[in-house]
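Peer 1: Structure in structure tokens, see below.
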Amino acid sequence: MSELSPADFYLPGEIIRNLKSKDREVIIGPGLCRNESDTKSLIASQAGYLCFRAPNTYWLEGRRNRYIPKKADLVLGIVTKKSSDNLKVDIGSAESASLSMLAFEGATKKVKPDVNVGDVIYAKVINAHKEMEPELVCIDQYYKAGKLGVLSNEGFVINLKQKLIQQMLNPENPLLRTLGRKFPYEIVIGVNGKVWMRANQCKDVLTLCRAFQIAEYQKETDIIGICRQFK
Amino acid sequence: MSSIRKTIITNCEKNFLIKNLSEWTRLDGRAFNEFRNVEIEFGKDWGCCKVSLGKTMVISQVSCELQQPKSSRPNEGVLNINLELNPMAEPSFEAGRQSDLSSQLNRLLEKCIKDSKAVDLESLCVKVNEKAWAFRVDINVLNHEGNILDCASIAALSSLAHFRRPDVTCDGEEYKIHNVKQRDPIPTVIHHYPVCITYAIVKEGEYILADPTLLEEGVAEAFLTIGLNAYKELCGLHLGGNAHLTTKAILETSNKAAKRAVDLVQLIKEAVEIDTNERLTMKSLGFHNTLDKQISDVHVDELGKYLDHWTMDKIKRNPKKNQKVTTPMEETESTEEESEEDKSMDVSQEKVESITNLGDGTAKLDISTAQHEWITIESDEESEKEDDVIIVEPKVETLSIDSNSEEEQVLVLNPVQRSAAKKKKKKKKKNIIS
């Protein structure tokens, strides 16, 4: 990825011109939207640096905490309210998401999953519309749970910046592997910035927390460079 | 404070915190009676200051106006303290609505600062029954990361100490408020600096945590807030929530708080003095100075920590490599496998190292030293107290010759004339006697 320069910084509403593209096609990622009046340019919808990946992908990268739900995102949520057939889950968005009790593997009207207020849930966003509350499920299209569902109460949850989350989800990023060489741990990363982790000892979890909290403020290249020193 | 929190704390966070506490660790690596860093910065105006306690941040501004004094107290000015919670501090706070939390915080601040008569209100009177200054301290919470009250009380005191009111003259009927350029503004008289110090009580008084963070506040069952000034006089005590606390625990924590209060008051005084001196040298002042500094500070600091965390291994490995260079060249190639093994050995050693190294930020080491400190402090405190007690004792004895029960009555009656702090001490003395 190219270095970030101040010239690439955009504020919401700014128009982005001079796009390099192959075959006149551009793929836009988070933080960008189409400019209807001038189809050759884009409009920034959040503050951040413009990033480009060959051949034609553009996105904006900023330090944001707020999560905006998107369909098919895998998120971590906290159950805030429980009623007979519905759960309210806080996924860090403006409105809390709803999760049906029937959206768990093997759940029927009579057999309900054991979920309590305060539990952490790993779920998939199935419906995300601007004017509606986001909807979650804990099953895939074959009605199997896979890795989704209620997470154990042994672990710990922290909030991280979206930027670091994206970096960690990249399988080429060495941060998690380097930490894994020190001690075994389990980690669940939600795209919404919440991260659940569990290790054998409390101090290992604390080490993870601190490493992530520091890495939040570092450049990706720095992180990779430092991780490389321990290979 | 516990019941008001709307954002739910997950069960796993709760479990993890309590598990850590049982290992005598706090999540941010502090000891149980360790406080977060306090930073005081002053703005361009008189009486404008920003205080940060860890990541909790509060901004405070003192303003004044001339008005008719209250008819009940015609020769005194008025002091109002107003704390506001914005959604900026935490999304669950509502703007413009008095929540239980905000009214509780306001009341505690008033109790600590206003009711202990920290500010000399009589000096604020311009003319009896006609005109007096009304001070208003506006406190806004910028970021809520636990323990707003301590932060707000520091902010209120430092902005009051920093504030200067314009001079006013009266010729017959008309009052004239002089411009700052015409006449030097007048500082406020502050008798003493009562700061609030909050402790969170977790698991029915098993763990008492100083300066709780947001997560600790959520898990805590009760909060013990102690208002103290630099002379270790008690200016307010509030125990909110439901926890079974022994009187001994309360007394112990208030002893610990007393030491903190002395430090805090000194910090406030120093910060105000430095700023007023800088103002005399006509430096450009204001938050814009600290803004640049802070941003760069965060980066350097953060990176340093990061390197510290990771380069423990690096520093250790380098000497090894050097050693290998010094050994004959023949061996170096043949020992490649060995070196790898060495490295793996290194890792295992490093594990231990890192744990201990992390430990000095966190774990048992700190606590054990802290406990020692506590014990020594207590012993100091007790010796002081005994001095106090010795002064009081003859009085009690002379007054109550008849029986023990009367002695108790006298003990309770006596303190009315004395300060509240001594009341405490006497009660403790009673305990010692019994």
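Each chain in the structure tokens gets a letter, A, B and so on, in the order shown; residues start at 1 in every chain, and ligands are counted from 1 in the order they appear.
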From a DSSP pass on the backbone, collect the residues of stretch 14-127 of chain A flagged as strand (DSSP E or B) and hand them back as a PDB file with N, CA, C and O atoms, in the first residue's frame.
Peer 2:
ATOM      1  N   ILE A  15     -15.029  16.401  -3.261  1.00  0.00           N
ATOM      2  CA  ILE A  15     -15.105  15.648  -4.519  1.00  0.00           C
ATOM      3  C   ILE A  15     -13.716  15.148  -4.878  1.00  0.00           C
ATOM      4  O   ILE A  15     -12.727  15.881  -4.779  1.00  0.00           O
ATOM      5  N   ILE A  16     -13.624  13.897  -5.237  1.00  0.00           N
ATOM      6  CA  ILE A  16     -12.344  13.276  -5.561  1.00  0.00           C
ATOM      7  C   ILE A  16     -12.280  13.093  -7.086  1.00  0.00           C
ATOM      8  O   ILE A  16     -13.138  12.425  -7.674  1.00  0.00           O
ATOM      9  N   LYS A  22      -8.626   1.166 -14.835  1.00  0.00           N
ATOM     10  CA  LYS A  22      -8.476   0.335 -16.028  1.00  0.00           C
ATOM     11  C   LYS A  22      -9.881   0.102 -16.562  1.00  0.00           C
ATOM     12  O   LYS A  22     -10.818  -0.092 -15.790  1.00  0.00           O
ATOM     13  N   GLU A  25     -13.442   1.450 -15.166  1.00  0.00           N
ATOM     14  CA  GLU A  25     -14.245   0.881 -14.087  1.00  0.00           C
ATOM     15  C   GLU A  25     -13.539   1.138 -12.763  1.00  0.00           C
ATOM     16  O   GLU A  25     -12.326   0.970 -12.668  1.00  0.00           O
ATOM     17  N   ILE A  27     -13.841   0.320  -8.527  1.00  0.00           N
ATOM     18  CA  ILE A  27     -14.529  -0.332  -7.404  1.00  0.00           C
ATOM     19  C   ILE A  27     -14.336   0.551  -6.189  1.00  0.00           C
ATOM     20  O   ILE A  27     -13.191   0.906  -5.862  1.00  0.00           O
ATOM     21  N   ILE A  28     -15.421   0.930  -5.535  1.00  0.00           N
ATOM     22  CA  ILE A  28     -15.268   1.817  -4.382  1.00  0.00           C
ATOM     23  C   ILE A  28     -15.585   1.079  -3.098  1.00  0.00           C
ATOM     24  O   ILE A  28     -16.507   0.284  -3.032  1.00  0.00           O
ATOM     25  N   LEU A  32     -16.719   6.101   0.479  1.00  0.00           N
ATOM     26  CA  LEU A  32     -16.851   6.768  -0.817  1.00  0.00           C
ATOM     27  C   LEU A  32     -18.246   6.524  -1.376  1.00  0.00           C
ATOM     28  O   LEU A  32     -18.845   5.476  -1.130  1.00  0.00           O
ATOM     29  N   CYS A  33     -18.756   7.498  -2.125  1.00  0.00           N
ATOM     30  CA  CYS A  33     -19.983   7.240  -2.865  1.00  0.00           C
ATOM     31  C   CYS A  33     -19.914   7.902  -4.232  1.00  0.00           C
ATOM     32  O   CYS A  33     -19.067   8.764  -4.468  1.00  0.00           O
ATOM     33  N   ARG A  34     -20.810   7.515  -5.090  1.00  0.00           N
ATOM     34  CA  ARG A  34     -20.787   8.024  -6.461  1.00  0.00           C
ATOM     35  C   ARG A  34     -21.245   9.459  -6.508  1.00  0.00           C
ATOM     36  O   ARG A  34     -22.088   9.890  -5.736  1.00  0.00           O
ATOM     37  N   LEU A  42     -15.777  11.017  -7.543  1.00  0.00           N
ATOM     38  CA  LEU A  42     -16.423  10.395  -6.387  1.00  0.00           C
ATOM     39  C   LEU A  42     -16.599  11.442  -5.288  1.00  0.00           C
ATOM     40  O   LEU A  42     -15.940  12.480  -5.294  1.00  0.00           O
ATOM     41  N   ILE A  43     -17.455  11.136  -4.331  1.00  0.00           N
ATOM     42  CA  ILE A  43     -17.624  12.022  -3.177  1.00  0.00           C
ATOM     43  C   ILE A  43     -17.221  11.248  -1.923  1.00  0.00           C
ATOM     44  O   ILE A  43     -17.614  10.077  -1.751  1.00  0.00           O
ATOM     45  N   ALA A  44     -16.461  11.912  -1.065  1.00  0.00           N
ATOM     46  CA  ALA A  44     -16.083  11.284   0.194  1.00  0.00           C
ATOM     47  C   ALA A  44     -17.261  11.389   1.162  1.00  0.00           C
ATOM     48  O   ALA A  44     -17.884  12.441   1.268  1.00  0.00           O
ATOM     49  N   GLY A  48     -10.915  10.903   5.951  1.00  0.00           N
ATOM     50  CA  GLY A  48      -9.876   9.884   5.941  1.00  0.00           C
ATOM     51  C   GLY A  48      -8.961  10.014   4.747  1.00  0.00           C
ATOM     52  O   GLY A  48      -9.116  10.908   3.912  1.00  0.00           O
ATOM     53  N   TYR A  49      -7.999   9.125   4.724  1.00  0.00           N
ATOM     54  CA  TYR A  49      -7.036   9.118   3.618  1.00  0.00           C
ATOM     55  C   TYR A  49      -7.544   8.229   2.503  1.00  0.00           C
ATOM     56  O   TYR A  49      -8.072   7.149   2.752  1.00  0.00           O
ATOM     57  N   LEU A  50      -7.326   8.686   1.272  1.00  0.00           N
ATOM     58  CA  LEU A  50      -7.736   7.912   0.117  1.00  0.00           C
ATOM     59  C   LEU A  50      -6.685   6.849  -0.151  1.00  0.00           C
ATOM     60  O   LEU A  50      -5.499   7.135  -0.269  1.00  0.00           O
ATOM     61  N   CYS A  51      -7.136   5.617  -0.209  1.00  0.00           N
ATOM     62  CA  CYS A  51      -6.214   4.526  -0.496  1.00  0.00           C
ATOM     63  C   CYS A  51      -6.583   3.910  -1.830  1.00  0.00           C
ATOM     64  O   CYS A  51      -7.749   3.930  -2.249  1.00  0.00           O
ATOM     65  N   PHE A  52      -5.598   3.374  -2.473  1.00  0.00           N
ATOM     66  CA  PHE A  52      -5.803   2.819  -3.819  1.00  0.00           C
ATOM     67  C   PHE A  52      -5.063   1.500  -3.925  1.00  0.00           C
ATOM     68  O   PHE A  52      -3.945   1.346  -3.430  1.00  0.00           O
ATOM     69  N   ARG A  53      -5.720   0.518  -4.505  1.00  0.00           N
ATOM     70  CA  ARG A  53      -5.020  -0.725  -4.775  1.00  0.00           C
ATOM     71  C   ARG A  53      -5.225  -1.055  -6.254  1.00  0.00           C
ATOM     72  O   ARG A  53      -6.349  -0.991  -6.760  1.00  0.00           O
ATOM     73  N   THR A  57      -9.263  -0.277  -7.341  1.00  0.00           N
ATOM     74  CA  THR A  57     -10.044  -0.241  -6.099  1.00  0.00           C
ATOM     75  C   THR A  57      -9.676   0.994  -5.274  1.00  0.00           C
ATOM     76  O   THR A  57      -8.488   1.249  -5.052  1.00  0.00           O
ATOM     77  N   TYR A  58     -10.668   1.706  -4.807  1.00  0.00           N
ATOM     78  CA  TYR A  58     -10.448   2.890  -3.986  1.00  0.00           C
ATOM     79  C   TYR A  58     -11.225   2.765  -2.687  1.00  0.00           C
ATOM     80  O   TYR A  58     -12.340   2.235  -2.670  1.00  0.00           O
ATOM     81  N   TRP A  59     -10.665   3.259  -1.592  1.00  0.00           N
ATOM     82  CA  TRP A  59     -11.441   3.363  -0.356  1.00  0.00           C
ATOM     83  C   TRP A  59     -10.836   4.434   0.541  1.00  0.00           C
ATOM     84  O   TRP A  59      -9.706   4.876   0.308  1.00  0.00           O
ATOM     85  N   LEU A  60     -11.578   4.843   1.541  1.00  0.00           N
ATOM     86  CA  LEU A  60     -11.095   5.859   2.476  1.00  0.00           C
ATOM     87  C   LEU A  60     -10.787   5.189   3.804  1.00  0.00           C
ATOM     88  O   LEU A  60     -11.572   4.377   4.292  1.00  0.00           O
ATOM     89  N   GLU A  61      -9.681   5.561   4.371  1.00  0.00           N
ATOM     90  CA  GLU A  61      -9.284   4.961   5.645  1.00  0.00           C
ATOM     91  C   GLU A  61      -9.171   6.053   6.693  1.00  0.00           C
ATOM     92  O   GLU A  61      -8.384   6.991   6.516  1.00  0.00           O
ATOM     93  N   LEU A  74     -19.593  -9.876   9.625  1.00  0.00           N
ATOM     94  CA  LEU A  74     -19.564 -10.712  10.826  1.00  0.00           C
ATOM     95  C   LEU A  74     -19.223  -9.815  12.007  1.00  0.00           C
ATOM     96  O   LEU A  74     -18.153  -9.190  12.028  1.00  0.00           O
ATOM     97  N   VAL A  75     -20.145  -9.710  12.946  1.00  0.00           N
ATOM     98  CA  VAL A  75     -19.969  -8.745  14.031  1.00  0.00           C
ATOM     99  C   VAL A  75     -20.056  -9.430  15.399  1.00  0.00           C
ATOM    100  O   VAL A  75     -20.563 -10.537  15.528  1.00  0.00           O
ATOM    101  N   LEU A  76     -19.547  -8.686  16.381  1.00  0.00           N
ATOM    102  CA  LEU A  76     -19.643  -9.119  17.772  1.00  0.00           C
ATOM    103  C   LEU A  76     -20.647  -8.193  18.461  1.00  0.00           C
ATOM    104  O   LEU A  76     -20.554  -6.975  18.305  1.00  0.00           O
ATOM    105  N   GLY A  77     -21.571  -8.762  19.173  1.00  0.00           N
ATOM    106  CA  GLY A  77     -22.568  -7.917  19.824  1.00  0.00           C
ATOM    107  C   GLY A  77     -22.774  -8.314  21.269  1.00  0.00           C
ATOM    108  O   GLY A  77     -22.412  -9.408  21.686  1.00  0.00           O
ATOM    109  N   ILE A  78     -23.353  -7.374  22.025  1.00  0.00           N
ATOM    110  CA  ILE A  78     -23.640  -7.634  23.429  1.00  0.00           C
ATOM    111  C   ILE A  78     -25.154  -7.603  23.614  1.00  0.00           C
ATOM    112  O   ILE A  78     -25.805  -6.640  23.200  1.00  0.00           O
ATOM    113  N   VAL A  79     -25.692  -8.634  24.227  1.00  0.00           N
ATOM    114  CA  VAL A  79     -27.141  -8.704  24.432  1.00  0.00           C
ATOM    115  C   VAL A  79     -27.530  -7.688  25.494  1.00  0.00           C
ATOM    116  O   VAL A  79     -27.007  -7.706  26.609  1.00  0.00           O
ATOM    117  N   THR A  80     -28.430  -6.773  25.144  1.00  0.00           N
ATOM    118  CA  THR A  80     -28.840  -5.751  26.103  1.00  0.00           C
ATOM    119  C   THR A  80     -30.254  -5.977  26.615  1.00  0.00           C
ATOM    120  O   THR A  80     -30.611  -5.484  27.667  1.00  0.00           O
ATOM    121  N   LYS A  81     -31.045  -6.697  25.850  1.00  0.00           N
ATOM    122  CA  LYS A  81     -32.428  -6.897  26.267  1.00  0.00           C
ATOM    123  C   LYS A  81     -32.889  -8.259  25.775  1.00  0.00           C
ATOM    124  O   LYS A  81     -32.485  -8.697  24.697  1.00  0.00           O
ATOM    125  N   LYS A  82     -33.719  -8.886  26.568  1.00  0.00           N
ATOM    126  CA  LYS A  82     -34.176 -10.217  26.178  1.00  0.00           C
ATOM    127  C   LYS A  82     -35.684 -10.266  26.342  1.00  0.00           C
ATOM    128  O   LYS A  82     -36.208  -9.982  27.421  1.00  0.00           O
ATOM    129  N   ASN A  86     -37.235 -12.447  20.954  1.00  0.00           N
ATOM    130  CA  ASN A  86     -36.323 -11.508  20.309  1.00  0.00           C
ATOM    131  C   ASN A  86     -35.235 -11.047  21.282  1.00  0.00           C
ATOM    132  O   ASN A  86     -35.483 -10.919  22.474  1.00  0.00           O
ATOM    133  N   LEU A  87     -34.064 -10.793  20.716  1.00  0.00           N
ATOM    134  CA  LEU A  87     -32.984 -10.240  21.532  1.00  0.00           C
ATOM    135  C   LEU A  87     -32.584  -8.892  20.956  1.00  0.00           C
ATOM    136  O   LEU A  87     -32.587  -8.712  19.737  1.00  0.00           O
ATOM    137  N   LYS A  88     -32.254  -7.959  21.840  1.00  0.00           N
ATOM    138  CA  LYS A  88     -31.674  -6.703  21.374  1.00  0.00           C
ATOM    139  C   LYS A  88     -30.174  -6.794  21.601  1.00  0.00           C
ATOM    140  O   LYS A  88     -29.721  -7.117  22.681  1.00  0.00           O
ATOM    141  N   VAL A  89     -29.419  -6.521  20.551  1.00  0.00           N
ATOM    142  CA  VAL A  89     -27.976  -6.686  20.621  1.00  0.00           C
ATOM    143  C   VAL A  89     -27.293  -5.363  20.278  1.00  0.00           C
ATOM    144  O   VAL A  89     -27.630  -4.725  19.276  1.00  0.00           O
ATOM    145  N   ASP A  90     -26.379  -4.965  21.128  1.00  0.00           N
ATOM    146  CA  ASP A  90     -25.608  -3.746  20.881  1.00  0.00           C
ATOM    147  C   ASP A  90     -24.390  -4.122  20.041  1.00  0.00           C
ATOM    148  O   ASP A  90     -23.509  -4.836  20.493  1.00  0.00           O
ATOM    149  N   ALA A  97     -29.200  -3.754  17.269  1.00  0.00           N
ATOM    150  CA  ALA A  97     -29.701  -4.714  16.288  1.00  0.00           C
ATOM    151  C   ALA A  97     -30.648  -5.696  16.952  1.00  0.00           C
ATOM    152  O   ALA A  97     -30.630  -5.875  18.164  1.00  0.00           O
ATOM    153  N   SER A  98     -31.466  -6.346  16.155  1.00  0.00           N
ATOM    154  CA  SER A  98     -32.369  -7.356  16.702  1.00  0.00           C
ATOM    155  C   SER A  98     -31.934  -8.733  16.214  1.00  0.00           C
ATOM    156  O   SER A  98     -31.432  -8.882  15.101  1.00  0.00           O
ATOM    157  N   LEU A  99     -32.100  -9.692  17.077  1.00  0.00           N
ATOM    158  CA  LEU A  99     -31.691 -11.068  16.756  1.00  0.00           C
ATOM    159  C   LEU A  99     -32.811 -11.982  17.216  1.00  0.00           C
ATOM    160  O   LEU A  99     -33.171 -11.988  18.396  1.00  0.00           O
ATOM    161  N   SER A 100     -33.362 -12.705  16.279  1.00  0.00           N
ATOM    162  CA  SER A 100     -34.484 -13.587  16.621  1.00  0.00           C
ATOM    163  C   SER A 100     -33.980 -14.796  17.391  1.00  0.00           C
ATOM    164  O   SER A 100     -32.896 -15.300  17.131  1.00  0.00           O
ATOM    165  N   VAL A 120     -22.025 -12.231  25.103  1.00  0.00           N
ATOM    166  CA  VAL A 120     -21.422 -11.754  23.859  1.00  0.00           C
ATOM    167  C   VAL A 120     -21.783 -12.729  22.753  1.00  0.00           C
ATOM    168  O   VAL A 120     -21.703 -13.948  22.938  1.00  0.00           O
ATOM    169  N   ILE A 121     -22.175 -12.176  21.619  1.00  0.00           N
ATOM    170  CA  ILE A 121     -22.663 -13.011  20.522  1.00  0.00           C
ATOM    171  C   ILE A 121     -21.890 -12.691  19.253  1.00  0.00           C
ATOM    172  O   ILE A 121     -21.620 -11.524  18.954  1.00  0.00           O
ATOM    173  N   TYR A 122     -21.494 -13.718  18.563  1.00  0.00           N
ATOM    174  CA  TYR A 122     -20.852 -13.554  17.264  1.00  0.00           C
ATOM    175  C   TYR A 122     -21.893 -13.869  16.211  1.00  0.00           C
ATOM    176  O   TYR A 122     -22.432 -14.981  16.181  1.00  0.00           O
ATOM    177  N   ALA A 123     -22.238 -12.904  15.397  1.00  0.00           N
ATOM    178  CA  ALA A 123     -23.361 -13.069  14.490  1.00  0.00           C
ATOM    179  C   ALA A 123     -23.083 -12.406  13.153  1.00  0.00           C
ATOM    180  O   ALA A 123     -22.094 -11.706  12.975  1.00  0.00           O
ATOM    181  N   LYS A 124     -24.001 -12.656  12.243  1.00  0.00           N
ATOM    182  CA  LYS A 124     -23.866 -12.129  10.889  1.00  0.00           C
ATOM    183  C   LYS A 124     -24.992 -11.132  10.665  1.00  0.00           C
ATOM    184  O   LYS A 124     -26.134 -11.394  11.048  1.00  0.00           O
ATOM    185  N   VAL A 125     -24.657 -10.014  10.042  1.00  0.00           N
ATOM    186  CA  VAL A 125     -25.693  -9.030   9.728  1.00  0.00           C
ATOM    187  C   VAL A 125     -26.400  -9.505   8.477  1.00  0.00           C
ATOM    188  O   VAL A 125     -25.770  -9.734   7.446  1.00  0.00           O
ATOM    189  N   ILE A 126     -27.713  -9.660   8.588  1.00  0.00           N
ATOM    190  CA  ILE A 126     -28.437 -10.178   7.430  1.00  0.00           C
ATOM    191  C   ILE A 126     -29.237  -9.073   6.758  1.00  0.00           C
ATOM    192  O   ILE A 126     -29.559  -9.137   5.589  1.00  0.00           O
ATOM    193  N   ASN A 127     -29.502  -8.034   7.503  1.00  0.00           N
ATOM    194  CA  ASN A 127     -30.319  -6.963   6.971  1.00  0.00           C
ATOM    195  C   ASN A 127     -29.821  -5.639   7.542  1.00  0.00           C
ATOM    196  O   ASN A 127     -29.814  -5.451   8.749  1.00  0.00           O
TER     197      ASN A 127
END
Peer 1: Restrict the calculation to only C-alpha atoms, then for each residue of chain A with any atom at most 8 Å from an atom of chain B give the closest atom pair and their distance in Å to one decimal, rows by chain and rising residue number, as JSON lines.
Peer 2:
{"residue": "A:Ile78", "atom": "CA", "partner": "B:Thr10", "partner_atom": "CA", "distance": 6.6}
{"residue": "A:Thr80", "atom": "CA", "partner": "B:Ile8", "partner_atom": "CA", "distance": 6.3}
{"residue": "A:Val117", "atom": "CA", "partner": "B:Thr10", "partner_atom": "CA", "distance": 7.9}
{"residue": "A:Gly118", "atom": "CA", "partner": "B:Thr10", "partner_atom": "CA", "distance": 4.2}
{"residue": "A:Asp119", "atom": "CA", "partner": "B:Thr10", "partner_atom": "CA", "distance": 5.8}
{"residue": "A:Val120", "atom": "CA", "partner": "B:Thr10", "partner_atom": "CA", "distance": 6.7}
{"residue": "A:Ser152", "atom": "CA", "partner": "B:Cys12", "partner_atom": "CA", "distance": 7.5}
{"residue": "A:Asn153", "atom": "CA", "partner": "B:Cys12", "partner_atom": "CA", "distance": 4.2}
{"residue": "A:Glu154", "atom": "CA", "partner": "B:Cys12", "partner_atom": "CA", "distance": 5.6}
{"residue": "A:Gly155", "atom": "CA", "partner": "B:Cys12", "partner_atom": "CA", "distance": 5.6}
{"residue": "A:Phe156", "atom": "CA", "partner": "B:Glu13", "partner_atom": "CA", "distance": 5.3}
{"residue": "A:Val157", "atom": "CA", "partner": "B:Glu13", "partner_atom": "CA", "distance": 6.4}
{"residue": "A:Lys182", "atom": "CA", "partner": "B:Lys351", "partner_atom": "CA", "distance": 6.6}
{"residue": "A:Cys202", "atom": "CA", "partner": "B:Asn20", "partner_atom": "CA", "distance": 6.6}
{"residue": "A:Lys203", "atom": "CA", "partner": "B:Ile355", "partner_atom": "CA", "distance": 7.6}
{"residue": "A:Leu206", "atom": "CA", "partner": "B:Leu27", "partner_atom": "CA", "distance": 7.0}
{"residue": "A:Thr207", "atom": "CA", "partner": "B:Leu358", "partner_atom": "CA", "distance": 7.8}
{"residue": "A:Ala211", "atom": "CA", "partner": "B:Tyr306", "partner_atom": "CA", "distance": 7.3}
{"residue": "A:Ile214", "atom": "CA", "partner": "B:Tyr306", "partner_atom": "CA", "distance": 5.9}
{"residue": "A:Ala215", "atom": "CA", "partner": "B:Tyr306", "partner_atom": "CA", "distance": 7.4}
{"residue": "A:Tyr217", "atom": "CA", "partner": "B:Glu302", "partner_atom": "CA", "distance": 7.3}
{"residue": "A:Gln218", "atom": "CA", "partner": "B:Leu303", "partner_atom": "CA", "distance": 7.3}
{"residue": "A:Ile226", "atom": "CA", "partner": "B:Trp310", "partner_atom": "CA", "distance": 7.6}
{"residue": "A:Gln229", "atom": "CA", "partner": "B:Lys314", "partner_atom": "CA", "distance": 7.5}
{"residue": "A:Phe230", "atom": "CA", "partner": "B:Lys314", "partner_atom": "CA", "distance": 7.8}
Peer 1: For B:Glu273, work out the shell of residues within 12 Å, counting only C-alpha atoms and skipping chain neighbours fewer than 2 positions away, then give it as a ChimeraX atom specification.
Peer 2: /B:40-42,158,161-163,266-271,275-280
Peer 1: Export C-alpha atoms of the chosen residues as a PDB file, in the first residue's frame?
Peer 2:
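Result file follows (selection-v1.pdb):
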ATOM      1  CA  ILE B  40      -4.152  20.349  34.570  1.00  0.00           C
ATOM      2  CA  GLU B  41      -4.057  22.813  31.699  1.00  0.00           C
ATOM      3  CA  PHE B  42      -5.292  26.355  31.636  1.00  0.00           C
ATOM      4  CA  SER B 158      -8.181  24.751  39.980  1.00  0.00           C
ATOM      5  CA  ALA B 161      -8.059  29.231  42.242  1.00  0.00           C
ATOM      6  CA  HIS B 162      -7.078  30.466  38.813  1.00  0.00           C
ATOM      7  CA  PHE B 163     -10.026  32.809  38.338  1.00  0.00           C
ATOM      8  CA  GLN B 266      -0.141  20.602  45.990  1.00  0.00           C
ATOM      9  CA  LEU B 267      -0.527  19.723  42.329  1.00  0.00           C
ATOM     10  CA  ILE B 268      -3.382  22.190  41.897  1.00  0.00           C
ATOM     11  CA  LYS B 269      -1.507  24.961  43.664  1.00  0.00           C
ATOM     12  CA  GLU B 270       1.638  24.388  41.632  1.00  0.00           C
ATOM     13  CA  ALA B 271      -0.262  24.314  38.341  1.00  0.00           C
ATOM     14  CA  ASP B 275       0.311  29.468  34.926  1.00  0.00           C
ATOM     15  CA  THR B 276       0.010  32.832  36.657  1.00  0.00           C
ATOM     16  CA  ASN B 277       3.779  33.288  36.412  1.00  0.00           C
ATOM     17  CA  GLU B 278       3.672  32.491  32.733  1.00  0.00           C
ATOM     18  CA  ARG B 279       0.897  35.002  32.274  1.00  0.00           C
ATOM     19  CA  LEU B 280       3.131  37.712  33.720  1.00  0.00           C
TER      20      LEU B 280
END
Peer 1: Would you work out the distance separating atom CA of B:Asp100 from atom CA of B:Asn82, expressed in Å to one decimal?
Peer 2: 14.2 Å
Peer 1: May I ask for the distance between atom CA of B:Glu94 and atom CA of B:Ser52, given in Å to one decimal place?
Peer 2: 21.8 Å
Peer 1: Go through A:Asn192, A:Asn65, A:Asn200, A:Thr178 and flag the residue nearest A:Ile223, using only C-alpha atoms for the distances.
Peer 2: A:Thr178
Peer 1: Do you know which residues are at most 10 Å from B:Ser153 counting only C-alpha atoms, after dropping those on the same chain fewer than 3 positions away, and could you put them as an NGL selection string?
Peer 2: :B and (51 or 58 or 60 or 105 or 108-110 or 112-113 or 139 or 148-150 or 156-159 or 193-197 or 227)
Peer 1: Keeping C-alpha atoms for every residue in the selection just given, could you write it to a file as an mmCIF file, in the first residue's frame?
Peer 2:
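This is the output file again18.cif:
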data_model
loop_
_atom_site.group_PDB
_atom_site.id
_atom_site.type_symbol
_atom_site.label_atom_id
_atom_site.label_comp_id
_atom_site.auth_asym_id
_atom_site.auth_seq_id
_atom_site.Cartn_x
_atom_site.Cartn_y
_atom_site.Cartn_z
ATOM 1 C CA VAL B 51 -8.285 18.493 33.726
ATOM 2 C CA VAL B 58 -13.281 17.580 32.048
ATOM 3 C CA SER B 60 -14.307 23.916 33.607
ATOM 4 C CA LEU B 105 -22.494 14.447 41.098
ATOM 5 C CA LEU B 108 -21.577 15.842 45.959
ATOM 6 C CA LEU B 109 -19.488 18.606 44.420
ATOM 7 C CA GLU B 110 -21.549 21.245 46.187
ATOM 8 C CA CYS B 112 -17.559 19.112 49.114
ATOM 9 C CA ILE B 113 -16.681 22.581 47.879
ATOM 10 C CA ILE B 139 -18.037 21.922 34.348
ATOM 11 C CA ILE B 148 -15.938 11.928 36.766
ATOM 12 C CA LEU B 149 -16.317 13.246 40.296
ATOM 13 C CA ASP B 150 -12.626 13.349 41.204
ATOM 14 C CA ALA B 156 -13.586 23.161 39.859
ATOM 15 C CA LEU B 157 -10.925 23.938 42.437
ATOM 16 C CA SER B 158 -8.181 24.751 39.980
ATOM 17 C CA SER B 159 -10.419 27.009 37.921
ATOM 18 C CA TYR B 193 -8.913 22.991 48.814
ATOM 19 C CA PRO B 194 -11.334 20.114 49.447
ATOM 20 C CA VAL B 195 -10.910 17.445 46.772
ATOM 21 C CA CYS B 196 -13.131 14.443 46.226
ATOM 22 C CA ILE B 197 -11.500 11.053 46.185
ATOM 23 C CA GLY B 227 -13.918 14.889 50.456
#
